[in-house]
Each structure stands twice: as structure tokens, then as C-alpha cells.
2 protein chains.
Amino acid sequence: MGERVLPRAERRRRTEGKILDAARALFAELGFERTTIRAVAKAAEVDPALVMQYFGSKQQLFQQAVRVTPAGDGELTAEELVEELLGTLNVKMGALPQSSLAMMRSMLTHPEAAASARQVLGSQIDRLAEAIPADDARLRAALMTTIMLGIAVGHQLLELEELREVSQDEIARLLRPSLRALTGGPEG
Amino acid sequence: MGERVLPRAERRRRTEGKILDAARALFAELGFERTTIRAVAKAAEVDPALVMQYFGSKQQLFQQAVRVTPAGDGELTAEELVEELLGTLNVKMGALPQSSLAMMRSMLTHPEAAASARQVLGSQIDRLAEAIPADDARLRAALMTTIMLGIAVGHQLLELEELREVSQDEIARLLRPSLRALTGGPEG
DNA sequence: CCTTTCGCTCAACGAGTGTTGACTCAACGA
DNA sequence: TCGTTGAGTCAACACTCGTTGAGCGAAAGG
């Protein structure tokens, strides 16, 4: 019945994938501490010992699960910058990748997730700062980044109803002037 | 030397206070999961069993530790509203109360802390919405609240250097136009 | 064919956790 | 003065967790 016998390499690849998917989902929902190897194994329909054998430790499993693709590069104008930030909002609304949610969920309580978050946010700040023509560009970039962080936390993790019951377009429309106010200009 | 004998009631009061202070500090630094009853007891120079005897369970100790004083009331204009938000920033910068930090630290990973955070943020949203003359007042209030949440998380919990190395006044000055943009007016 | 490799499971260990009950002893009340 | 209360301690239980090592059975390779 459909249960084809797979070559070893392919079988391994699929099992690893199932474990990583299960780990990402649980880390994203519960955070590092409340997620147990046993629960991951059960969700992946696998023995707990296999998870250890493949990933070494819970810590390394977490690292693999939250490994994130570095953001793009390229010169930006201030306006493009705002639209890009609001664009990530679109992604966030629908389905921010489980790996990012997993990192965010644990960033306040798991030291390694915190370090990872600082690095991701830091590089986003660097990127934004390049596009802001002001001597306090880094501070402005940091404020824009933490603003988006707050929205993501409130919407995705705390699931505030006031944000959940409206469309991403409406949020983007209201947020645009607030971000624009930070993109530069001495009167800002 | 100086170790006066205290009446029972006073002695109890002080011991409870020491335990609560230690609990708040540890919950604020480590979050709910990583904070152990034993560590709280050690920091309070007390036996772990006494913590249980006084507070019933780790859960109830946490509830007592994060119990927060409800925010003030009163009518506000839109401008006063922005200044009040930026004012809480001043408090946050220096020493946001340990009880609030404890709640925030755990709000992404501890269900009860999440519920408490939703309630606190929700009542702040209600309060702000009353001062905003627009039909999407609640959404605007929610955005302002999550913006401040993002700043607090980035500054107090993630300790982003870009925010830590500047004064609260400078942050307030840059943030003011962004918040003003949300206080009302059909032009967004 | 036989041997080796390896995906995978089983059972267990050791450490740390929240929590409990029996106990000690000084402050209290009559 | 004497029994009672209650603050505080000690040792342990029951449980869960991450982690490990031995072993099984099928695929791989010659």
C-alpha cells in the first residue's frame, strides 16, 4: 500500500525534515524551555533518541530550527525603505516563517535566542541606517526596527485582537506616516 | 549586634517582602521557567519550603510578584496623550518597576504572563482610544501601545546598544512625531 | 552470499524540579 | 507557668527532563 521503500539517503533527509518542522512548530508555539525533545519526537513520529542522534543536543536542534536566511542587500532611498518595512508586515501578517517566530518566542528568556535576535535586529538597523541621511541615522533606524518589532510581537505572539481583526493594508496605511517621520529631515 | 528580636507579625512581613523582592528580581532577569523556587529562596536567605508555605505554589508566587497597580484615569487631549506615553518612557529608561519587567520577560513563554500582558495592554489601549477622535481610534491606540511595547522590549529586555547609549529625551524627541501621526486626523 | 553500515528503537541513568510532611523552637496568650 | 501558635528548617518524594549506550533489522556494497 503506497509505502514505498526509500533509499537510505532519502529516508534520512525526510526524517530530518520532519523533525525540524516539528521542532520549529513547537519552539514557535511554546518557546525553548517548554518545548521538550520528547514532544518534538512525538510530533515527528520518531524516537526521542533519534532527535539527539541527529542534532546532538536540544540546544543545537534549536539553532538549526531558527537558522534564518540573511536579509537582502542593495542601496535604498528613504521611501523605498519604509515600503520595505511595511512589506515585511505583509509577510508577518500571513505567515512569518516558523523559524522567525521560534526565535522571537524565545528571545526574552533564552540567552542564545536573545543573542540571535540582537544580531538579526542589528543587521537590519545597519541596513536601514545607510539609507537615512542624518547624523543620528543609527538611532532612527533602531527606533524604526523596534517599532516593527513591537507590532510583530503584539500581532504574532501576544495576538492582540485589536491588531488581528484588521487587514495588513490598514495597519500599513496608519503606520506609514509614523515611519516616514523617522526617515530623516532635521524637523523630524 | 543589632539583631533585635522582632514581633512575629513584623518578622513575617519582612520575610515575605524579602522573598517577593528576590522573586521579582529573578523573574525579571530570567523569566518564569528559568527561575527556580530554590534560587528565590537562596536569594532571600530562606528555606525553599518556606516560599511554598507562604505563597502556595510557584505560580501563585509569580502572580503576587507581578501584581501591577492599575493605570490612572481621567480625560486627556491627544497632545497630553502623546506626552504621557513618552513620559512612561522616562520611567522605563531609568527603572521600570521590577514587577513590570518580570511580567514582560515572561509574556511570550508563560501563558499566565501573556494573559496578564494582554489585560494591561488592553486597558491602556482603551484609555488611549478615548482620547483619539477617529472611527479607527482603537486601532490607532493599539498601534501606539505596541510601538511603546517594542521600544520597551528593545531597550529593557533585549538591551539593544543603539537605544541604551542615548538619553530618554533624545528618544522621546525622535518618537514624538511618529506618535503624533497616530493621534488622529483623516490625513493619516 | 556475507559483512558492514546505519536508520532507528528501547530502556535506563543522573540531575534538577516543584512540592510535601514531620519536626524544632521561640514568641504568644491565658 | 504552661499549653498553643506559627515562623522557619530538614529530608525526602514523585516526576520530568536531556541525554546515553546497547542493540535490532534492513539496506548497501563487495
# chains A, B, ... in the order shown; residues from 1 in each chain; ligands from 1
>>> calpha_fit_and_write(fixed="chain B", moving="chain A", output="PDB file with C-alpha atoms, in the first residue's frame")
ATOM      1  CA  MET A   1      24.935  43.085  67.976  1.00  0.00           C
ATOM      2  CA  GLY A   2      22.090  44.950  66.332  1.00  0.00           C
ATOM      3  CA  GLU A   3      20.113  41.761  65.836  1.00  0.00           C
ATOM      4  CA  ARG A   4      17.018  42.935  67.596  1.00  0.00           C
ATOM      5  CA  VAL A   5      14.303  40.422  68.289  1.00  0.00           C
ATOM      6  CA  LEU A   6      11.242  41.363  66.286  1.00  0.00           C
ATOM      7  CA  PRO A   7       7.608  40.611  66.997  1.00  0.00           C
ATOM      8  CA  ARG A   8       6.168  37.778  64.964  1.00  0.00           C
ATOM      9  CA  ALA A   9       3.959  39.885  62.711  1.00  0.00           C
ATOM     10  CA  GLU A  10       6.777  42.221  61.783  1.00  0.00           C
ATOM     11  CA  ARG A  11       9.166  39.340  61.232  1.00  0.00           C
ATOM     12  CA  ARG A  12       6.732  37.664  58.883  1.00  0.00           C
ATOM     13  CA  ARG A  13       6.115  40.873  56.968  1.00  0.00           C
ATOM     14  CA  ARG A  14       9.825  41.388  56.373  1.00  0.00           C
ATOM     15  CA  THR A  15      10.461  37.814  55.302  1.00  0.00           C
ATOM     16  CA  GLU A  16       7.574  37.920  52.851  1.00  0.00           C
ATOM     17  CA  GLY A  17       8.954  41.162  51.472  1.00  0.00           C
ATOM     18  CA  LYS A  18      12.429  39.700  51.056  1.00  0.00           C
ATOM     19  CA  ILE A  19      11.017  36.719  49.200  1.00  0.00           C
ATOM     20  CA  LEU A  20       8.883  38.901  46.929  1.00  0.00           C
ATOM     21  CA  ASP A  21      11.821  41.184  46.144  1.00  0.00           C
ATOM     22  CA  ALA A  22      14.052  38.239  45.322  1.00  0.00           C
ATOM     23  CA  ALA A  23      11.310  36.663  43.208  1.00  0.00           C
ATOM     24  CA  ARG A  24      10.709  39.868  41.275  1.00  0.00           C
ATOM     25  CA  ALA A  25      14.404  40.306  40.544  1.00  0.00           C
ATOM     26  CA  LEU A  26      14.835  36.736  39.341  1.00  0.00           C
ATOM     27  CA  PHE A  27      11.608  36.614  37.346  1.00  0.00           C
ATOM     28  CA  ALA A  28      12.597  39.902  35.701  1.00  0.00           C
ATOM     29  CA  GLU A  29      16.063  38.640  34.814  1.00  0.00           C
ATOM     30  CA  LEU A  30      15.382  35.023  33.881  1.00  0.00           C
ATOM     31  CA  GLY A  31      11.660  34.673  33.262  1.00  0.00           C
ATOM     32  CA  PHE A  32       9.254  32.204  34.830  1.00  0.00           C
ATOM     33  CA  GLU A  33      10.707  28.929  33.619  1.00  0.00           C
ATOM     34  CA  ARG A  34      14.357  29.537  34.430  1.00  0.00           C
ATOM     35  CA  THR A  35      13.563  30.949  37.851  1.00  0.00           C
ATOM     36  CA  THR A  36      13.510  28.199  40.480  1.00  0.00           C
ATOM     37  CA  ILE A  37      11.931  28.277  43.907  1.00  0.00           C
ATOM     38  CA  ARG A  38      15.283  27.186  45.248  1.00  0.00           C
ATOM     39  CA  ALA A  39      17.033  30.168  43.661  1.00  0.00           C
ATOM     40  CA  VAL A  40      14.443  32.578  45.036  1.00  0.00           C
ATOM     41  CA  ALA A  41      14.820  31.068  48.490  1.00  0.00           C
ATOM     42  CA  LYS A  42      18.597  31.295  48.328  1.00  0.00           C
ATOM     43  CA  ALA A  43      18.477  34.955  47.245  1.00  0.00           C
ATOM     44  CA  ALA A  44      16.064  35.688  50.090  1.00  0.00           C
ATOM     45  CA  GLU A  45      18.227  33.691  52.528  1.00  0.00           C
ATOM     46  CA  VAL A  46      15.374  31.401  53.378  1.00  0.00           C
ATOM     47  CA  ASP A  47      14.392  27.747  53.062  1.00  0.00           C
ATOM     48  CA  PRO A  48      12.639  26.755  49.807  1.00  0.00           C
ATOM     49  CA  ALA A  49       9.819  25.170  51.778  1.00  0.00           C
ATOM     50  CA  LEU A  50       9.056  28.519  53.363  1.00  0.00           C
ATOM     51  CA  VAL A  51       8.398  30.057  49.975  1.00  0.00           C
ATOM     52  CA  MET A  52       5.819  27.359  49.295  1.00  0.00           C
ATOM     53  CA  GLN A  53       4.298  27.775  52.747  1.00  0.00           C
ATOM     54  CA  TYR A  54       3.843  31.514  52.226  1.00  0.00           C
ATOM     55  CA  PHE A  55       2.752  31.624  48.603  1.00  0.00           C
ATOM     56  CA  GLY A  56       1.276  28.192  47.921  1.00  0.00           C
ATOM     57  CA  SER A  57       2.930  27.495  44.596  1.00  0.00           C
ATOM     58  CA  LYS A  58       5.427  28.909  42.128  1.00  0.00           C
ATOM     59  CA  GLN A  59       2.506  30.059  40.021  1.00  0.00           C
ATOM     60  CA  GLN A  60       0.940  32.053  42.868  1.00  0.00           C
ATOM     61  CA  LEU A  61       4.311  33.487  43.821  1.00  0.00           C
ATOM     62  CA  PHE A  62       4.620  34.745  40.259  1.00  0.00           C
ATOM     63  CA  GLN A  63       1.140  36.267  40.356  1.00  0.00           C
ATOM     64  CA  GLN A  64       1.939  38.100  43.588  1.00  0.00           C
ATOM     65  CA  ALA A  65       5.288  39.244  42.214  1.00  0.00           C
ATOM     66  CA  VAL A  66       3.892  40.759  39.020  1.00  0.00           C
ATOM     67  CA  ARG A  67       0.723  42.218  40.499  1.00  0.00           C
ATOM     68  CA  VAL A  68       0.664  45.651  38.936  1.00  0.00           C
ATOM     69  CA  THR A  69      -1.017  48.871  40.006  1.00  0.00           C
ATOM     70  CA  PRO A  70      -3.746  49.769  37.499  1.00  0.00           C
ATOM     71  CA  ALA A  71      -3.061  52.859  35.399  1.00  0.00           C
ATOM     72  CA  GLY A  72      -4.617  56.223  36.178  1.00  0.00           C
ATOM     73  CA  ASP A  73      -7.826  57.580  34.725  1.00  0.00           C
ATOM     74  CA  GLY A  74      -9.109  60.913  33.521  1.00  0.00           C
ATOM     75  CA  GLU A  75      -9.858  62.697  30.268  1.00  0.00           C
ATOM     76  CA  LEU A  76      -6.958  63.503  27.996  1.00  0.00           C
ATOM     77  CA  THR A  77      -6.395  65.522  24.870  1.00  0.00           C
ATOM     78  CA  ALA A  78      -4.439  63.960  22.044  1.00  0.00           C
ATOM     79  CA  GLU A  79      -1.347  66.004  22.867  1.00  0.00           C
ATOM     80  CA  GLU A  80      -1.416  65.148  26.551  1.00  0.00           C
ATOM     81  CA  LEU A  81      -1.766  61.543  25.496  1.00  0.00           C
ATOM     82  CA  VAL A  82       1.463  61.542  23.517  1.00  0.00           C
ATOM     83  CA  GLU A  83       3.320  63.239  26.342  1.00  0.00           C
ATOM     84  CA  GLU A  84       2.007  60.690  28.806  1.00  0.00           C
ATOM     85  CA  LEU A  85       3.243  57.839  26.638  1.00  0.00           C
ATOM     86  CA  LEU A  86       6.635  59.480  26.286  1.00  0.00           C
ATOM     87  CA  GLY A  87       6.558  60.082  30.014  1.00  0.00           C
ATOM     88  CA  THR A  88       6.276  56.383  30.731  1.00  0.00           C
ATOM     89  CA  LEU A  89       9.389  56.167  28.577  1.00  0.00           C
ATOM     90  CA  ASN A  90      11.221  58.241  31.147  1.00  0.00           C
ATOM     91  CA  VAL A  91      10.197  55.790  33.799  1.00  0.00           C
ATOM     92  CA  LYS A  92      11.125  52.842  31.618  1.00  0.00           C
ATOM     93  CA  MET A  93      14.584  54.195  30.946  1.00  0.00           C
ATOM     94  CA  GLY A  94      15.521  54.627  34.546  1.00  0.00           C
ATOM     95  CA  ALA A  95      13.863  51.840  36.438  1.00  0.00           C
ATOM     96  CA  LEU A  96      10.696  50.362  35.084  1.00  0.00           C
ATOM     97  CA  PRO A  97       9.346  48.531  38.127  1.00  0.00           C
ATOM     98  CA  GLN A  98      10.721  45.027  38.556  1.00  0.00           C
ATOM     99  CA  SER A  99       7.175  43.689  38.600  1.00  0.00           C
ATOM    100  CA  SER A 100       6.533  45.030  35.105  1.00  0.00           C
ATOM    101  CA  LEU A 101       9.838  43.713  33.832  1.00  0.00           C
ATOM    102  CA  ALA A 102       9.012  40.324  35.308  1.00  0.00           C
ATOM    103  CA  MET A 103       5.700  40.265  33.486  1.00  0.00           C
ATOM    104  CA  MET A 104       7.220  41.420  30.211  1.00  0.00           C
ATOM    105  CA  ARG A 105      10.095  38.955  30.424  1.00  0.00           C
ATOM    106  CA  SER A 106       7.717  36.022  30.626  1.00  0.00           C
ATOM    107  CA  MET A 107       4.859  37.243  28.456  1.00  0.00           C
ATOM    108  CA  LEU A 108       5.976  35.346  25.362  1.00  0.00           C
ATOM    109  CA  THR A 109       6.515  31.973  26.990  1.00  0.00           C
ATOM    110  CA  HIS A 110       4.309  31.806  30.067  1.00  0.00           C
ATOM    111  CA  PRO A 111       0.563  31.629  29.328  1.00  0.00           C
ATOM    112  CA  GLU A 112      -0.483  33.400  32.501  1.00  0.00           C
ATOM    113  CA  ALA A 113       2.008  36.205  31.948  1.00  0.00           C
ATOM    114  CA  ALA A 114       0.706  36.515  28.391  1.00  0.00           C
ATOM    115  CA  ALA A 115      -2.852  36.863  29.665  1.00  0.00           C
ATOM    116  CA  SER A 116      -1.723  39.464  32.167  1.00  0.00           C
ATOM    117  CA  ALA A 117       0.122  41.381  29.455  1.00  0.00           C
ATOM    118  CA  ARG A 118      -2.898  41.308  27.169  1.00  0.00           C
ATOM    119  CA  GLN A 119      -5.012  42.725  29.955  1.00  0.00           C
ATOM    120  CA  VAL A 120      -2.580  45.524  30.812  1.00  0.00           C
ATOM    121  CA  LEU A 121      -2.068  46.461  27.162  1.00  0.00           C
ATOM    122  CA  GLY A 122      -5.790  46.189  26.512  1.00  0.00           C
ATOM    123  CA  SER A 123      -6.707  48.632  29.225  1.00  0.00           C
ATOM    124  CA  GLN A 124      -4.019  51.019  28.016  1.00  0.00           C
ATOM    125  CA  ILE A 125      -5.503  50.770  24.529  1.00  0.00           C
ATOM    126  CA  ASP A 126      -8.971  51.491  25.907  1.00  0.00           C
ATOM    127  CA  ARG A 127      -7.689  54.542  27.713  1.00  0.00           C
ATOM    128  CA  LEU A 128      -5.859  55.919  24.680  1.00  0.00           C
ATOM    129  CA  ALA A 129      -8.737  55.216  22.336  1.00  0.00           C
ATOM    130  CA  GLU A 130     -11.004  57.526  24.341  1.00  0.00           C
ATOM    131  CA  ALA A 131      -8.708  60.432  23.561  1.00  0.00           C
ATOM    132  CA  ILE A 132      -8.477  59.797  19.817  1.00  0.00           C
ATOM    133  CA  PRO A 133     -11.148  61.444  17.646  1.00  0.00           C
ATOM    134  CA  ALA A 134     -11.374  58.934  14.809  1.00  0.00           C
ATOM    135  CA  ASP A 135     -13.520  55.944  13.929  1.00  0.00           C
ATOM    136  CA  ASP A 136     -10.467  53.686  13.914  1.00  0.00           C
ATOM    137  CA  ALA A 137      -9.435  54.993  17.311  1.00  0.00           C
ATOM    138  CA  ARG A 138      -8.904  51.557  18.828  1.00  0.00           C
ATOM    139  CA  LEU A 139      -6.566  50.479  16.048  1.00  0.00           C
ATOM    140  CA  ARG A 140      -4.605  53.701  16.350  1.00  0.00           C
ATOM    141  CA  ALA A 141      -4.403  53.242  20.102  1.00  0.00           C
ATOM    142  CA  ALA A 142      -3.264  49.652  19.644  1.00  0.00           C
ATOM    143  CA  LEU A 143      -0.507  50.733  17.266  1.00  0.00           C
ATOM    144  CA  MET A 144       0.709  53.403  19.668  1.00  0.00           C
ATOM    145  CA  THR A 145       0.722  50.882  22.487  1.00  0.00           C
ATOM    146  CA  THR A 146       2.605  48.218  20.544  1.00  0.00           C
ATOM    147  CA  ILE A 147       5.100  50.840  19.394  1.00  0.00           C
ATOM    148  CA  MET A 148       5.882  51.651  23.006  1.00  0.00           C
ATOM    149  CA  LEU A 149       5.973  47.936  23.751  1.00  0.00           C
ATOM    150  CA  GLY A 150       8.582  47.433  21.059  1.00  0.00           C
ATOM    151  CA  ILE A 151      10.729  50.239  22.429  1.00  0.00           C
ATOM    152  CA  ALA A 152      10.482  48.831  25.938  1.00  0.00           C
ATOM    153  CA  VAL A 153      11.340  45.317  24.781  1.00  0.00           C
ATOM    154  CA  GLY A 154      14.262  46.496  22.689  1.00  0.00           C
ATOM    155  CA  HIS A 155      15.630  48.754  25.387  1.00  0.00           C
ATOM    156  CA  GLN A 156      14.897  46.928  28.639  1.00  0.00           C
ATOM    157  CA  LEU A 157      14.895  43.256  27.721  1.00  0.00           C
ATOM    158  CA  LEU A 158      17.000  42.854  24.587  1.00  0.00           C
ATOM    159  CA  GLU A 159      19.199  45.752  25.691  1.00  0.00           C
ATOM    160  CA  LEU A 160      19.968  46.966  22.182  1.00  0.00           C
ATOM    161  CA  GLU A 161      23.032  49.164  22.387  1.00  0.00           C
ATOM    162  CA  GLU A 162      21.680  51.675  19.867  1.00  0.00           C
ATOM    163  CA  LEU A 163      18.918  52.532  22.371  1.00  0.00           C
ATOM    164  CA  ARG A 164      20.962  52.184  25.547  1.00  0.00           C
ATOM    165  CA  GLU A 165      23.630  54.686  24.639  1.00  0.00           C
ATOM    166  CA  VAL A 166      21.305  57.653  24.218  1.00  0.00           C
ATOM    167  CA  SER A 167      19.179  59.632  26.661  1.00  0.00           C
ATOM    168  CA  GLN A 168      15.465  59.146  27.086  1.00  0.00           C
ATOM    169  CA  ASP A 169      14.934  62.753  26.007  1.00  0.00           C
ATOM    170  CA  GLU A 170      16.536  62.114  22.656  1.00  0.00           C
ATOM    171  CA  ILE A 171      14.381  59.052  22.075  1.00  0.00           C
ATOM    172  CA  ALA A 172      11.282  60.976  23.129  1.00  0.00           C
ATOM    173  CA  ARG A 173      12.156  63.803  20.751  1.00  0.00           C
ATOM    174  CA  LEU A 174      12.496  61.454  17.778  1.00  0.00           C
ATOM    175  CA  LEU A 175       9.458  59.403  18.698  1.00  0.00           C
ATOM    176  CA  ARG A 176       7.057  62.285  19.288  1.00  0.00           C
ATOM    177  CA  PRO A 177       6.210  62.951  15.629  1.00  0.00           C
ATOM    178  CA  SER A 178       5.644  59.264  15.001  1.00  0.00           C
ATOM    179  CA  LEU A 179       3.136  59.068  17.826  1.00  0.00           C
ATOM    180  CA  ARG A 180       1.519  62.369  16.869  1.00  0.00           C
ATOM    181  CA  ALA A 181       0.902  60.956  13.410  1.00  0.00           C
ATOM    182  CA  LEU A 182      -1.328  58.330  15.006  1.00  0.00           C
ATOM    183  CA  THR A 183      -3.389  60.566  17.274  1.00  0.00           C
ATOM    184  CA  GLY A 184      -6.008  61.449  14.700  1.00  0.00           C
ATOM    185  CA  GLY A 185      -6.804  63.471  11.634  1.00  0.00           C
ATOM    186  CA  PRO A 186      -8.095  61.923   8.409  1.00  0.00           C
ATOM    187  CA  GLU A 187      -4.830  62.601   6.573  1.00  0.00           C
ATOM    188  CA  GLY A 188      -2.979  60.411   9.068  1.00  0.00           C
TER     189      GLY A 188
END
>>> residues_around(residues="DT5 (chain D)", least_positions_apart="6", cutoff="12 Å", atoms="only C-alpha atoms (C1' of nucleotides)", output="PyMOL selection string")
(chain B and resi 8) or (chain C and resi 25-29)
>>> interface_residues(of="chain D", to="chain B", cutoff="12 Å", atoms="only C-alpha atoms (C1' of nucleotides)", output="list in words")
DT5, DG6, DA7, DG8, DT9, DC10 and DA11 of chain D
>>> write_last_selection(atoms="N, CA and C atoms (P, O5', C5', C4', C3', O3' and C1' of nucleotides)", output="tab-separated table (two decimals), in the first residue's frame")
chain	number	residue	atom	x	y	z
D	5	DT	P	-3.75	26.35	68.91
D	5	DT	O5'	-2.85	27.41	68.13
D	5	DT	C5'	-2.94	28.79	68.49
D	5	DT	C4'	-1.71	29.53	68.00
D	5	DT	C3'	-1.45	29.37	66.49
D	5	DT	O3'	-1.50	30.66	65.89
D	5	DT	C1'	0.55	29.09	67.76
D	6	DG	P	-1.66	30.80	64.27
D	6	DG	O5'	-0.17	31.04	63.80
D	6	DG	C5'	0.61	32.03	64.46
D	6	DG	C4'	2.08	31.83	64.11
D	6	DG	C3'	2.34	31.50	62.62
D	6	DG	O3'	3.50	32.16	62.21
D	6	DG	C1'	3.32	29.88	63.96
D	7	DA	P	3.59	32.81	60.77
D	7	DA	O5'	5.15	33.08	60.62
D	7	DA	C5'	5.82	33.84	61.62
D	7	DA	C4'	7.23	33.31	61.82
D	7	DA	C3'	8.03	33.11	60.53
D	7	DA	O3'	9.36	33.53	60.75
D	7	DA	C1'	7.92	31.07	61.71
D	8	DG	P	10.36	33.81	59.51
D	8	DG	O5'	11.07	32.40	59.36
D	8	DG	C5'	12.03	32.01	60.34
D	8	DG	C4'	12.34	30.54	60.19
D	8	DG	C3'	12.79	30.09	58.79
D	8	DG	O3'	14.19	29.82	58.82
D	8	DG	C1'	11.37	28.52	59.84
D	9	DT	P	14.92	29.11	57.60
D	9	DT	O5'	14.93	27.59	58.10
D	9	DT	C5'	15.45	27.28	59.39
D	9	DT	C4'	15.58	25.77	59.55
D	9	DT	C3'	16.34	25.07	58.42
D	9	DT	O3'	17.27	24.17	58.99
D	9	DT	C1'	14.20	24.06	58.72
D	10	DC	P	18.47	23.61	58.08
D	10	DC	O5'	18.03	22.08	57.94
D	10	DC	C5'	17.35	21.45	59.01
D	10	DC	C4'	16.94	20.04	58.62
D	10	DC	C3'	17.68	19.46	57.41
D	10	DC	O3'	18.19	18.19	57.72
D	10	DC	C1'	15.31	19.36	57.07
D	11	DA	P	19.10	17.38	56.68
D	11	DA	O5'	18.07	16.30	56.13
D	11	DA	C5'	17.15	15.70	57.04
D	11	DA	C4'	16.13	14.86	56.28
D	11	DA	C3'	16.70	14.10	55.08
D	11	DA	O3'	16.16	12.80	55.06
D	11	DA	C1'	14.94	15.48	54.36
>>> select_by_dssp(residues="region 4-164 of chain A", states="alpha helix (DSSP H)", output="number ranges by chain")
A: 8-34, 37-43, 48-55, 58-66, 78-95, 98-106, 111-130, 137-152, 161-164
>>> atom_distance(atom1="C1' of DA28 (chain D)", atom2="C1' of DC8 (chain C)")
16.5 Å
>>> residues_around(residues="DG30 (chain D)", least_positions_apart="4", cutoff="12 Å", atoms="only C-alpha atoms (C1' of nucleotides)", output="list of chain:residue names")
C:DC1, C:DC2, C:DT3, C:DT4
>>> closest_atom_pairs(of="chain C", to="chain B", cutoff="8 Å", atoms="only C-alpha atoms (C1' of nucleotides)", output="CSV")
residue,atom,partner,partner_atom,distance
C:DT17,C1',B:Thr36,CA,7.9
C:DG18,C1',B:Lys58,CA,7.6
C:DT19,C1',B:Met52,CA,7.7
C:DA27,C1',B:Arg8,CA,6.8
>>> decode(residues="region 9-21 of chain C", atoms="N, CA and C atoms (P, O5', C5', C4', C3', O3' and C1' of nucleotides)", output="compact mmCIF listing (two decimals), in the first residue's frame")
# COMPACT_ATOMS: atom_id res chain seq x y z
P DT C 9 12.03 5.06 15.44
O5' DT C 9 12.40 3.93 16.51
C5' DT C 9 12.19 2.57 16.17
C4' DT C 9 12.55 1.67 17.34
C3' DT C 9 11.89 2.07 18.67
O3' DT C 9 11.34 0.91 19.27
C1' DT C 9 14.24 1.88 18.95
P DC C 10 10.25 1.03 20.47
O5' DC C 10 11.08 0.44 21.69
C5' DC C 10 12.06 -0.55 21.44
C4' DC C 10 12.84 -0.85 22.72
C3' DC C 10 12.17 -0.40 24.01
O3' DC C 10 12.20 -1.45 24.95
C1' DC C 10 14.38 0.53 23.86
P DA C 11 11.37 -1.32 26.35
O5' DA C 11 12.55 -1.04 27.39
C5' DA C 11 13.77 -1.77 27.26
C4' DA C 11 14.82 -1.19 28.18
C3' DA C 11 14.28 -0.72 29.54
O3' DA C 11 15.15 -1.17 30.55
C1' DA C 11 15.43 1.05 28.47
P DA C 12 14.76 -0.97 32.13
O5' DA C 12 15.84 0.12 32.60
C5' DA C 12 17.19 -0.10 32.28
C4' DA C 12 17.93 1.21 32.27
C3' DA C 12 17.86 2.01 33.58
O3' DA C 12 19.08 1.89 34.25
C1' DA C 12 17.70 3.39 31.61
P DC C 13 19.20 2.35 35.80
O5' DC C 13 20.30 3.49 35.78
C5' DC C 13 21.29 3.50 34.76
C4' DC C 13 21.79 4.92 34.55
C3' DC C 13 21.86 5.73 35.84
O3' DC C 13 23.15 6.30 35.94
C1' DC C 13 20.66 6.93 34.17
P DG C 14 23.76 6.67 37.38
O5' DG C 14 23.67 8.26 37.34
C5' DG C 14 24.15 8.95 36.19
C4' DG C 14 23.69 10.38 36.24
C3' DG C 14 23.65 10.98 37.64
O3' DG C 14 24.16 12.29 37.56
C1' DG C 14 21.53 11.19 36.64
P DA C 15 24.50 13.10 38.95
O5' DA C 15 23.91 14.54 38.62
C5' DA C 15 23.82 14.96 37.26
C4' DA C 15 22.62 15.85 37.08
C3' DA C 15 22.34 16.76 38.27
O3' DA C 15 22.28 18.10 37.82
C1' DA C 15 20.36 15.68 37.57
P DG C 16 22.27 19.30 38.92
O5' DG C 16 20.79 19.88 38.82
C5' DG C 16 20.24 20.18 37.54
C4' DG C 16 18.75 20.33 37.66
C3' DG C 16 18.31 21.17 38.86
O3' DG C 16 17.52 22.26 38.40
C1' DG C 16 17.10 19.13 38.75
P DT C 17 16.94 23.35 39.42
O5' DT C 17 15.40 23.02 39.50
C5' DT C 17 14.66 22.90 38.27
C4' DT C 17 13.32 22.27 38.55
C3' DT C 17 12.61 22.83 39.77
O3' DT C 17 11.88 23.98 39.42
C1' DT C 17 12.39 20.42 39.60
P DG C 18 11.25 24.91 40.57
O5' DG C 18 9.90 24.18 40.98
C5' DG C 18 8.90 23.96 39.99
C4' DG C 18 7.77 23.11 40.56
C3' DG C 18 7.03 23.74 41.74
O3' DG C 18 5.64 23.44 41.64
C1' DG C 18 8.03 21.71 42.44
P DT C 19 4.61 24.03 42.74
O5' DT C 19 4.69 22.91 43.87
C5' DT C 19 4.43 21.56 43.52
C4' DT C 19 4.60 20.63 44.71
C3' DT C 19 3.99 21.15 46.02
O3' DT C 19 2.88 20.32 46.38
C1' DT C 19 6.14 20.15 46.35
P DT C 20 2.05 20.70 47.69
O5' DT C 20 2.69 19.67 48.73
C5' DT C 20 2.81 18.31 48.37
C4' DT C 20 3.37 17.50 49.53
C3' DT C 20 2.77 17.84 50.89
O3' DT C 20 2.30 16.65 51.50
C1' DT C 20 5.14 17.87 50.99
P DG C 21 1.22 16.67 52.66
O5' DG C 21 2.07 16.08 53.89
C5' DG C 21 2.85 14.92 53.68
C4' DG C 21 3.79 14.73 54.85
C3' DG C 21 3.18 15.07 56.21
O3' DG C 21 3.53 14.06 57.15
C1' DG C 21 5.15 16.34 55.87
